[in-house]
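Structure file work_26.pdb with PDB, C-alpha atoms and all ligand atoms:
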```pdb
ATOM      1  CA  MET Z   1     128.306   9.753  68.960
ATOM      2  CA  ALA Z   2     130.775   8.031  66.671
ATOM      3  CA  GLU Z   3     131.244   8.713  62.985
ATOM      4  CA  ILE Z   4     133.380   6.177  61.169
ATOM      5  CA  ASN Z   5     135.228   6.819  57.919
ATOM      6  CA  GLN Z   6     137.784   4.765  56.067
ATOM      7  CA  ILE Z   7     140.542   6.317  54.040
ATOM      8  CA  ASP Z   8     142.960   3.976  52.324
ATOM      9  CA  GLY Z   9     142.858   1.266  55.014
ATOM     10  CA  ILE Z  10     142.986   3.778  57.849
ATOM     11  CA  MET Z  11     139.879   4.097  59.988
ATOM     12  CA  VAL Z  12     139.020   7.531  61.346
ATOM     13  CA  VAL Z  13     136.655   7.470  64.330
ATOM     14  CA  THR Z  14     135.300  10.936  65.063
ATOM     15  CA  LEU Z  15     133.754  11.093  68.523
ATOM     16  CA  SER Z  16     131.444  13.783  69.854
ATOM     17  CA  GLY Z  17     129.300  14.277  72.969
ATOM     18  CA  GLU Z  18     130.223  12.294  76.068
ATOM     19  CA  LEU Z  19     132.146   9.013  75.970
ATOM     20  CA  ASP Z  20     131.130   7.131  79.108
ATOM     21  CA  ASN Z  21     130.258   3.535  79.914
ATOM     22  CA  LEU Z  22     126.831   3.725  78.224
ATOM     23  CA  GLU Z  23     128.166   5.322  75.039
ATOM     24  CA  ALA Z  24     131.162   2.953  74.821
ATOM     25  CA  ASN Z  25     128.797  -0.017  74.962
ATOM     26  CA  LYS Z  26     126.705   1.492  72.158
ATOM     27  CA  ILE Z  27     129.545   2.064  69.704
ATOM     28  CA  ARG Z  28     131.970  -0.773  70.518
ATOM     29  CA  SER Z  29     130.598  -3.482  68.213
ATOM     30  CA  THR Z  30     130.219  -1.181  65.201
ATOM     31  CA  ILE Z  31     133.837  -0.079  65.459
ATOM     32  CA  SER Z  32     135.057  -3.635  66.065
ATOM     33  CA  SER Z  33     133.257  -5.098  63.074
ATOM     34  CA  SER Z  34     134.535  -2.289  60.815
ATOM     35  CA  ILE Z  35     138.062  -3.271  61.838
ATOM     36  CA  PHE Z  36     137.527  -6.914  60.967
ATOM     37  CA  THR Z  37     135.707  -6.395  57.668
ATOM     38  CA  GLY Z  38     137.694  -3.417  56.403
ATOM     39  CA  LYS Z  39     141.268  -4.785  56.420
ATOM     40  CA  ILE Z  40     142.184  -1.867  58.638
ATOM     41  CA  ARG Z  41     145.853  -1.124  59.316
ATOM     42  CA  GLY Z  42     145.435   1.815  61.626
ATOM     43  CA  ILE Z  43     142.921   3.844  63.628
ATOM     44  CA  VAL Z  44     142.815   7.569  64.204
ATOM     45  CA  TRP Z  45     140.601   8.534  67.139
ATOM     46  CA  ASP Z  46     139.657  12.143  66.438
ATOM     47  CA  LEU Z  47     138.679  13.630  69.819
ATOM     48  CA  SER Z  48     138.627  17.285  68.700
ATOM     49  CA  ARG Z  49     134.856  17.466  69.230
ATOM     50  CA  LEU Z  50     134.547  15.141  72.246
ATOM     51  CA  GLY Z  51     133.198  16.966  75.317
ATOM     52  CA  PHE Z  52     133.842  14.374  78.011
ATOM     53  CA  MET Z  53     135.545  11.020  78.503
ATOM     54  CA  ASP Z  54     136.139   8.745  81.495
ATOM     55  CA  SER Z  55     137.882   5.380  81.927
ATOM     56  CA  ALA Z  56     135.330   3.785  79.575
ATOM     57  CA  GLY Z  57     137.198   5.553  76.761
ATOM     58  CA  ILE Z  58     140.442   3.901  77.844
ATOM     59  CA  GLY Z  59     138.740   0.490  77.803
ATOM     60  CA  LEU Z  60     137.299   1.176  74.343
ATOM     61  CA  ILE Z  61     140.606   2.285  72.810
ATOM     62  CA  LEU Z  62     142.715  -0.464  74.465
ATOM     63  CA  GLY Z  63     140.151  -3.033  73.320
ATOM     64  CA  ARG Z  64     140.415  -1.866  69.699
ATOM     65  CA  MET Z  65     144.226  -1.922  69.958
ATOM     66  CA  ARG Z  66     143.810  -5.614  70.792
ATOM     67  CA  ASP Z  67     141.549  -6.055  67.725
ATOM     68  CA  LEU Z  68     144.237  -4.402  65.593
ATOM     69  CA  ALA Z  69     147.180  -6.305  67.059
ATOM     70  CA  PRO Z  70     146.997  -9.215  64.549
ATOM     71  CA  TYR Z  71     147.382  -6.678  61.696
ATOM     72  CA  ASN Z  72     150.163  -4.716  63.439
ATOM     73  CA  GLY Z  73     147.799  -1.766  63.297
ATOM     74  CA  GLU Z  74     148.763   1.669  64.591
ATOM     75  CA  THR Z  75     146.616   3.714  66.978
ATOM     76  CA  ILE Z  76     146.631   7.490  67.064
ATOM     77  CA  ILE Z  77     144.712   9.654  69.521
ATOM     78  CA  LEU Z  78     144.144  13.064  67.992
ATOM     79  CA  ASN Z  79     143.539  16.333  69.874
ATOM     80  CA  PRO Z  80     142.284  15.176  73.298
ATOM     81  CA  SER Z  81     141.402  17.836  75.912
ATOM     82  CA  ALA Z  82     143.873  18.547  78.738
ATOM     83  CA  THR Z  83     141.906  16.350  81.160
ATOM     84  CA  MET Z  84     141.667  13.494  78.644
ATOM     85  CA  GLU Z  85     145.377  13.791  77.934
ATOM     86  CA  LYS Z  86     146.081  13.205  81.647
ATOM     87  CA  ILE Z  87     143.821  10.133  81.653
ATOM     88  CA  PHE Z  88     145.623   8.730  78.602
ATOM     89  CA  SER Z  89     149.043   9.266  80.124
ATOM     90  CA  PHE Z  90     148.055   7.519  83.412
ATOM     91  CA  SER Z  91     147.105   4.584  81.191
ATOM     92  CA  GLY Z  92     150.335   4.480  79.186
ATOM     93  CA  LEU Z  93     148.755   5.914  76.028
ATOM     94  CA  GLY Z  94     150.661   9.215  76.133
ATOM     95  CA  PRO Z  95     152.942   8.199  73.215
ATOM     96  CA  ASN Z  96     149.873   7.713  70.965
ATOM     97  CA  ILE Z  97     148.695  11.315  71.301
ATOM     98  CA  ARG Z  98     149.087  13.764  68.395
ATOM     99  CA  ARG Z  99     147.994  17.337  67.748
ATOM    100  CA  GLY Z 100     146.996  18.598  64.326
ATOM    101  CA  SER Z 101     144.736  17.615  61.466
ATOM    102  CA  VAL Z 102     143.368  14.217  60.486
ATOM    103  CA  ASP Z 103     145.191  14.465  57.149
ATOM    104  CA  SER Z 104     148.569  15.050  58.756
ATOM    105  CA  VAL Z 105     148.306  11.987  61.032
ATOM    106  CA  ILE Z 106     147.004   9.765  58.229
ATOM    107  CA  GLY Z 107     150.126  10.744  56.342
ATOM    108  CA  GLU Z 108     152.157   9.728  59.371
ATOM    109  CA  ILE Z 109     150.586   6.245  59.653
ATOM    110  CA  GLY Z 110     150.785   5.735  55.896
ATOM    111  CA  GLY Z 111     154.423   6.746  56.000
ATOM    112  CA  VAL Z 112     155.296   4.529  58.945
ATOM    113  CA  LEU Z 113     153.689   1.512  57.319
ATOM    114  CA  TYR Z 114     155.215   2.210  53.935
ATOM    115  CA  GLU Z 115     158.723   2.136  55.349
ATOM    116  CA  LYS Z 116     158.159  -1.241  57.080
TER     117      LYS Z 116
ATOM    118  CA  MET H   1     129.608  29.762 100.770
ATOM    119  CA  ARG H   2     127.981  26.739 102.385
ATOM    120  CA  ASN H   3     125.625  24.307 100.681
ATOM    121  CA  GLU H   4     124.603  20.694 101.055
ATOM    122  CA  MET H   5     122.788  18.120  98.895
ATOM    123  CA  THR H   6     121.802  14.482  98.598
ATOM    124  CA  LEU H   7     120.942  12.674  95.375
ATOM    125  CA  SER H   8     119.792   9.051  95.088
ATOM    126  CA  PHE H   9     119.052   7.081  91.923
ATOM    127  CA  VAL H  10     118.632   3.451  90.867
ATOM    128  CA  ALA H  11     121.530   1.510  89.397
ATOM    129  CA  ILE H  12     121.121   1.936  85.648
ATOM    130  CA  GLU H  13     123.851   3.214  83.330
ATOM    131  CA  GLU H  14     121.704   6.137  82.110
ATOM    132  CA  ASN H  15     122.050   7.694  85.574
ATOM    133  CA  GLU H  16     125.795   8.238  85.169
ATOM    134  CA  ALA H  17     125.047  11.261  82.983
ATOM    135  CA  LEU H  18     122.423  12.481  85.467
ATOM    136  CA  ALA H  19     124.953  12.370  88.306
ATOM    137  CA  ARG H  20     127.619  14.201  86.270
ATOM    138  CA  MET H  21     125.177  16.908  85.283
ATOM    139  CA  ALA H  22     123.691  17.417  88.750
ATOM    140  CA  MET H  23     127.084  17.565  90.461
ATOM    141  CA  THR H  24     128.495  19.949  87.846
ATOM    142  CA  CYS H  25     125.566  22.308  88.504
ATOM    143  CA  PHE H  26     126.141  22.022  92.238
ATOM    144  CA  ILE H  27     129.743  23.304  92.019
ATOM    145  CA  THR H  28     129.086  26.019  89.398
ATOM    146  CA  PRO H  29     128.593  28.788  92.022
ATOM    147  CA  LEU H  30     132.205  28.183  93.131
ATOM    148  CA  ASP H  31     133.326  29.482  89.730
ATOM    149  CA  PRO H  32     135.826  26.679  89.040
ATOM    150  CA  THR H  33     138.172  26.689  86.039
ATOM    151  CA  LEU H  34     137.142  24.611  82.995
ATOM    152  CA  GLU H  35     139.808  22.058  83.770
ATOM    153  CA  GLU H  36     138.678  21.762  87.404
ATOM    154  CA  ILE H  37     135.114  21.203  86.205
ATOM    155  CA  SER H  38     136.125  18.456  83.796
ATOM    156  CA  GLU H  39     138.339  16.748  86.384
ATOM    157  CA  PHE H  40     135.523  16.875  88.938
ATOM    158  CA  LYS H  41     133.056  15.515  86.401
ATOM    159  CA  THR H  42     135.417  12.619  85.710
ATOM    160  CA  ILE H  43     135.682  11.802  89.430
ATOM    161  CA  VAL H  44     131.875  11.714  89.727
ATOM    162  CA  SER H  45     131.585   9.547  86.624
ATOM    163  CA  GLU H  46     134.166   7.007  87.849
ATOM    164  CA  ALA H  47     132.685   6.657  91.331
ATOM    165  CA  VAL H  48     129.071   6.419  90.151
ATOM    166  CA  THR H  49     129.910   3.969  87.346
ATOM    167  CA  ASN H  50     131.708   1.737  89.860
ATOM    168  CA  ALA H  51     128.713   1.752  92.207
ATOM    169  CA  ILE H  52     126.319   0.928  89.354
ATOM    170  CA  ILE H  53     128.305  -1.766  87.550
ATOM    171  CA  HIS H  54     130.473  -3.305  90.285
ATOM    172  CA  GLY H  55     128.356  -2.595  93.377
ATOM    173  CA  TYR H  56     124.978  -3.487  91.903
ATOM    174  CA  ASN H  57     125.650  -5.206  88.539
ATOM    175  CA  CYS H  58     123.253  -2.669  86.939
ATOM    176  CA  ASP H  59     120.284  -4.242  88.767
ATOM    177  CA  GLY H  60     117.967  -1.309  88.015
ATOM    178  CA  LYS H  61     116.475  -1.172  91.513
ATOM    179  CA  SER H  62     119.106  -0.623  94.210
ATOM    180  CA  LEU H  63     120.022   2.958  95.097
ATOM    181  CA  VAL H  64     123.302   4.819  94.679
ATOM    182  CA  THR H  65     123.521   7.890  96.932
ATOM    183  CA  ILE H  66     125.689  10.954  96.483
ATOM    184  CA  HIS H  67     126.019  13.307  99.409
ATOM    185  CA  ALA H  68     127.956  16.550  99.007
ATOM    186  CA  VAL H  69     128.844  19.553 101.119
ATOM    187  CA  ILE H  70     130.323  22.781  99.842
ATOM    188  CA  ASP H  71     132.418  24.495 102.450
ATOM    189  CA  ASP H  72     133.894  27.732 101.125
ATOM    190  CA  ASN H  73     135.914  26.712  98.016
ATOM    191  CA  LYS H  74     135.926  23.028  98.883
ATOM    192  CA  ILE H  75     133.577  20.164  98.079
ATOM    193  CA  ILE H  76     133.382  17.087 100.274
ATOM    194  CA  MET H  77     131.509  14.310  98.511
ATOM    195  CA  THR H  78     130.618  10.698  99.230
ATOM    196  CA  VAL H  79     129.321   8.153  96.724
ATOM    197  CA  GLU H  80     127.707   5.214  98.452
ATOM    198  CA  ASP H  81     126.219   1.855  97.509
ATOM    199  CA  GLN H  82     124.919  -1.043  99.581
ATOM    200  CA  GLY H  83     126.070  -3.586  97.027
ATOM    201  CA  GLU H  84     128.692  -6.276  96.629
ATOM    202  CA  GLY H  85     131.579  -4.560  98.377
ATOM    203  CA  ILE H  86     135.276  -4.866  97.571
ATOM    204  CA  PHE H  87     137.291  -7.936  98.504
ATOM    205  CA  ASP H  88     140.634  -6.123  98.924
ATOM    206  CA  VAL H  89     140.542  -2.317  98.723
ATOM    207  CA  GLU H  90     144.301  -1.878  98.460
ATOM    208  CA  GLN H  91     144.465  -4.254  95.503
ATOM    209  CA  ALA H  92     141.385  -2.676  93.875
ATOM    210  CA  MET H  93     143.095   0.719  93.938
ATOM    211  CA  GLU H  94     146.167  -0.457  92.053
ATOM    212  CA  PRO H  95     146.369   0.864  88.476
ATOM    213  CA  MET H  96     145.091  -1.662  85.881
ATOM    214  CA  PHE H  97     143.428  -3.895  88.490
ATOM    215  CA  THR H  98     139.926  -4.887  87.410
ATOM    216  CA  THR H  99     137.562  -7.751  88.191
ATOM    217  CA  LYS H 100     135.637  -7.153  84.948
ATOM    218  CA  PRO H 101     138.167  -7.385  82.081
ATOM    219  CA  LEU H 102     135.545  -8.992  79.822
ATOM    220  CA  LEU H 103     133.443  -5.826  79.985
ATOM    221  CA  GLU H 104     136.554  -3.962  78.760
ATOM    222  CA  ARG H 105     137.086  -2.173  82.048
ATOM    223  CA  SER H 106     140.635  -0.894  82.190
ATOM    224  CA  GLY H 107     141.122  -0.780  85.971
ATOM    225  CA  MET H 108     141.994   2.921  85.852
ATOM    226  CA  GLY H 109     138.978   4.330  87.745
ATOM    227  CA  PHE H 110     140.586   4.637  91.182
ATOM    228  CA  THR H 111     143.844   5.955  89.702
ATOM    229  CA  ILE H 112     141.888   8.712  87.932
ATOM    230  CA  MET H 113     139.835   9.523  91.057
ATOM    231  CA  GLU H 114     142.996   9.713  93.155
ATOM    232  CA  SER H 115     144.823  11.964  90.702
ATOM    233  CA  PHE H 116     141.923  14.372  90.131
ATOM    234  CA  SER H 117     140.941  14.851  93.794
ATOM    235  CA  ASP H 118     142.863  16.328  96.741
ATOM    236  CA  SER H 119     142.037  13.354  98.914
ATOM    237  CA  LEU H 120     140.253  10.054  98.431
ATOM    238  CA  SER H 121     139.293   7.362 100.914
ATOM    239  CA  VAL H 122     137.463   4.105 100.365
ATOM    240  CA  GLU H 123     135.549   2.081 102.920
ATOM    241  CA  SER H 124     134.107  -1.213 101.856
ATOM    242  CA  MET H 125     132.802  -4.456 103.251
ATOM    243  CA  LEU H 126     132.039  -7.580 101.239
ATOM    244  CA  GLY H 127     128.296  -8.042 101.027
ATOM    245  CA  SER H 128     127.360  -4.700 102.571
ATOM    246  CA  GLY H 129     128.682  -2.031 100.222
ATOM    247  CA  THR H 130     131.163   0.709  99.505
ATOM    248  CA  VAL H 131     131.598   4.374 100.406
ATOM    249  CA  VAL H 132     134.056   6.496  98.444
ATOM    250  CA  ARG H 133     134.847   9.915  99.920
ATOM    251  CA  PHE H 134     136.551  12.795  98.094
ATOM    252  CA  GLU H 135     137.664  16.312  98.773
ATOM    253  CA  LYS H 136     138.504  18.833  96.096
ATOM    254  CA  THR H 137     139.284  22.529  96.489
ATOM    255  CA  PHE H 138     138.578  24.872  93.583
ATOM    256  CA  SER H 139     140.340  28.089  92.696
ATOM    257  CA  PRO H 140     137.678  30.558  91.549
ATOM    258  CA  VAL H 141     138.346  31.907  88.045
ATOM    259  CA  THR H 142     137.715  35.492  89.160
ATOM    260  CA  GLU H 143     140.327  35.167  91.905
ATOM    261  CA  VAL H 144     142.915  33.724  89.533
ATOM    262  CA  SER H 145     142.459  36.616  87.128
ATOM    263  CA  ARG H 146     142.666  39.115  89.963
ATOM    264  CA  MET H 147     146.015  37.668  91.021
ATOM    265  CA  ARG H 148     147.502  38.196  87.544
TER     266      ARG H 148
HETATM  267  N1  LIG Y   1     131.454   0.349  94.335
HETATM  268  C1  LIG Y   1     132.118  -0.811  94.148
HETATM  269  N2  LIG Y   1     131.569  -1.977  94.548
HETATM  270  C2  LIG Y   1     132.224  -3.163  94.353
HETATM  271  N3  LIG Y   1     133.449  -3.263  93.779
HETATM  272  C3  LIG Y   1     134.039  -2.126  93.371
HETATM  273  C4  LIG Y   1     133.410  -0.844  93.527
HETATM  274  N4  LIG Y   1     134.258   0.090  93.041
HETATM  275  C5  LIG Y   1     135.348  -0.569  92.592
HETATM  276  N5  LIG Y   1     135.229  -1.898  92.780
HETATM  277  C6  LIG Y   1     136.249  -2.942  92.466
HETATM  278  O1  LIG Y   1     137.496  -2.311  92.290
HETATM  279  C7  LIG Y   1     138.041  -2.621  90.991
HETATM  280  C8  LIG Y   1     138.839  -1.445  90.472
HETATM  281  O2  LIG Y   1     138.000  -0.306  90.243
HETATM  282  P1  LIG Y   1     138.444   0.769  89.140
HETATM  283  O3  LIG Y   1     137.371   1.782  89.007
HETATM  284  O4  LIG Y   1     139.818   1.242  89.458
HETATM  285  O5  LIG Y   1     138.558  -0.117  87.812
HETATM  286  P2  LIG Y   1     137.381  -0.738  86.927
HETATM  287  O6  LIG Y   1     136.075  -0.131  87.295
HETATM  288  O7  LIG Y   1     137.487  -2.209  86.980
HETATM  289  O8  LIG Y   1     137.791  -0.240  85.463
HETATM  290  P3  LIG Y   1     137.598   1.265  84.870
HETATM  291  O9  LIG Y   1     137.173   2.147  86.005
HETATM  292  O10 LIG Y   1     138.934   1.624  84.324
HETATM  293  O11 LIG Y   1     136.575   1.152  83.819
HETATM  294  C9  LIG Y   1     136.843  -3.007  90.157
HETATM  295  O12 LIG Y   1     137.192  -3.849  89.080
HETATM  296  C10 LIG Y   1     135.947  -3.694  91.185
HETATM  297  O13 LIG Y   1     136.356  -5.025  91.381
HETATM  298 MG    MG Y   2     135.793   1.909  87.474
END
```
Translate this structure into structure tokens?
Amino acid sequence: MAEINQIDGIMVVTLSGELDNLEANKIRSTISSSIFTGKIRGIVWDLSRLGFMDSAGIGLILGRMRDLAPYNGETIILNPSATMEKIFSFSGLGPNIRRGSVDSVIGEIGGVLYEK
Amino acid sequence: MRNEMTLSFVAIEENEALARMAMTCFITPLDPTLEEISEFKTIVSEAVTNAIIHGYNCDGKSLVTIHAVIDDNKIIMTVEDQGEGIFDVEQAMEPMFTTKPLLERSGMGFTIMESFSDSLSVESMLGSGTVVRFEKTFSPVTEVSRMR
């Protein structure tokens, strides 16, 4: 399941349950259209409550990074499990991983963009 | 311990979760660590998803078959389809290689399967199908804690 919230131009996607091929196909268009209509400048993927993810999760996140590219949007992957962290680092997404609270990473994106 | 099973299901995406669940139950008696379970589950998911979407294009009628043997602390598993087959296995196994970029596949499936298993081999023939074979040895939780 995906719960989408917007805070000050930053989209927080909170995922729970199992993110596989079937689930990615269910939530992809909702997340994509929120990016285009919401003038989004960054996404935080909160994985704290996600129980399972396979390569479909990589496809979903890389796809939304492409959606965000025209806006120079940042992507942050928050609190993945140890297994998910390995999958992200195989895929070159290691540098996007953070640990901590949603508030602290929103501050980080806000800060980064403010300085630009 | 020795055990053996076969599971066949039609090629629809809903069966990816079925396969993950069934195979996780099958290895539970080996008392694997949580991380071993989630790595194993990911391997199953990648192989079964490939058979369903690449092998059969989600046709809803052809069968994917998983066969697994537990031999002591080791599982030997094959995931088989009689679908499209792979044009060039070596190329298919390269990280980021995918023939379905429009479906937002990332081409990381084989890389993940290779990293999370002890050994992986792929046999495939265009037009007649694909067999992916894995081995993974688990370290029982009780044994790990006894060693400490
Ligand atoms: N069972 C199969 N039958 C036919 N082709 C396959 C099969 N498994 C894999 N392939 C081919 O190998 C390629 C690479 O597979 P891999 O799992 O690494 O990536 P992917 O499935 O394309 O993307 P991802 O797994 O990251 O979502 C696929 O794009 C497909 O062309
Ligand atoms: Mg795949």
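Nearest-residue note for chain H: choosing from Z:Ser55, Z:Ser101, Z:Asn79, Z:Ser33, the minimum distance belongs to Z:Ser55, counting only C-alpha atoms.
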Exercise answer, 10 Å around ligand MG 2 (chain Y) with all atoms listed in the file, as a VMD selection string: (chain Z and resid 21 54 to 56) or (chain H and resid 45 to 54 92 to 93 97 to 100 105 to 113)
Just-selected residues, C-alpha atoms written as an mmCIF file, keeping the file's coordinate frame:
```
data_model
loop_
_atom_site.group_PDB
_atom_site.id
_atom_site.type_symbol
_atom_site.label_atom_id
_atom_site.label_comp_id
_atom_site.auth_asym_id
_atom_site.auth_seq_id
_atom_site.Cartn_x
_atom_site.Cartn_y
_atom_site.Cartn_z
ATOM 1 C CA ASN Z 21 130.258 3.535 79.914
ATOM 2 C CA ASP Z 54 136.139 8.745 81.495
ATOM 3 C CA SER Z 55 137.882 5.380 81.927
ATOM 4 C CA ALA Z 56 135.330 3.785 79.575
ATOM 5 C CA SER H 45 131.585 9.547 86.624
ATOM 6 C CA GLU H 46 134.166 7.007 87.849
ATOM 7 C CA ALA H 47 132.685 6.657 91.331
ATOM 8 C CA VAL H 48 129.071 6.419 90.151
ATOM 9 C CA THR H 49 129.910 3.969 87.346
ATOM 10 C CA ASN H 50 131.708 1.737 89.860
ATOM 11 C CA ALA H 51 128.713 1.752 92.207
ATOM 12 C CA ILE H 52 126.319 0.928 89.354
ATOM 13 C CA ILE H 53 128.305 -1.766 87.550
ATOM 14 C CA HIS H 54 130.473 -3.305 90.285
ATOM 15 C CA ALA H 92 141.385 -2.676 93.875
ATOM 16 C CA MET H 93 143.095 0.719 93.938
ATOM 17 C CA PHE H 97 143.428 -3.895 88.490
ATOM 18 C CA THR H 98 139.926 -4.887 87.410
ATOM 19 C CA THR H 99 137.562 -7.751 88.191
ATOM 20 C CA LYS H 100 135.637 -7.153 84.948
ATOM 21 C CA ARG H 105 137.086 -2.173 82.048
ATOM 22 C CA SER H 106 140.635 -0.894 82.190
ATOM 23 C CA GLY H 107 141.122 -0.780 85.971
ATOM 24 C CA MET H 108 141.994 2.921 85.852
ATOM 25 C CA GLY H 109 138.978 4.330 87.745
ATOM 26 C CA PHE H 110 140.586 4.637 91.182
ATOM 27 C CA THR H 111 143.844 5.955 89.702
ATOM 28 C CA ILE H 112 141.888 8.712 87.932
ATOM 29 C CA MET H 113 139.835 9.523 91.057
#
```
Could you list the residues chosen by the PyMOL selection byres (((chain H and resi 121) around 9) and not hetatm) in this structure as number ranges by chain? H: 114, 119-120, 122-123, 131-134
Of the listed residues Z:Asp46, Z:Asp20, Z:Glu3, Z:Asp67, that which approaches ligand LIG 1 (chain Y) most closely, counting all atoms listed in the file: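 Under the stated criterion, the closest residue is Z:Asp20.
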Which distance in Å separates atom CA of H:Thr42 and atom CA of H:Glu80, to one decimal?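 If I compute the distance from atom CA of H:Thr42 to atom CA of H:Glu80, I get 16.6 Å.
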Within 9 Å of stretch 39-43 of chain Z using all atoms listed in the file, minus same-chain residues under 2 positions, as a count of residues only: 26
May I ask you to extract the residues of chain Z within 7 Å of chain H, using only C-alpha atoms, and to give them as a ChimeraX atom specification? /Z:22,54-56,58-60,63,83,87
Just give me the gap between atom CA of H:Asn73 and atom CA of H:Leu18 in Å, one decimal is fine.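 A separation of 23.3 Å between them.
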Which of these residues is nearest to ligand LIG 1 (chain Y), using all atoms listed in the file: H:Ala11, H:His67, H:Asn57, H:Glu84?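 Once distances to ligand LIG 1 (chain Y) are computed over all atoms listed in the file, the minimum belongs to H:Glu84.
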Build an axis-aligned box that encloses every atom of ligand LIG 1 (chain Y) listed in the file, pad it by 3 Å on each side, and report its centre and edge lengths in Å to one decimal, as AutoDock Vina command-line options.
```
--center_x 135.6 --center_y -1.4 --center_z 89.2 --size_x 14.4 --size_y 13.2 --size_z 16.7
```
Of the residues Z:Gly57, Z:Pro95, Z:Gly107, Z:Gly100, which is the one nearest to ligand LIG 1 (chain Y), using all atoms listed in the file?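 Of all the options, Z:Gly57 lies closest to ligand LIG 1 (chain Y).
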Please indicate the distance in Å from atom CA of Z:Leu15 to atom CA of H:Ile27, rounded to one decimal place.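 Between atom CA of Z:Leu15 and atom CA of H:Ile27 the gap is 26.8 Å.
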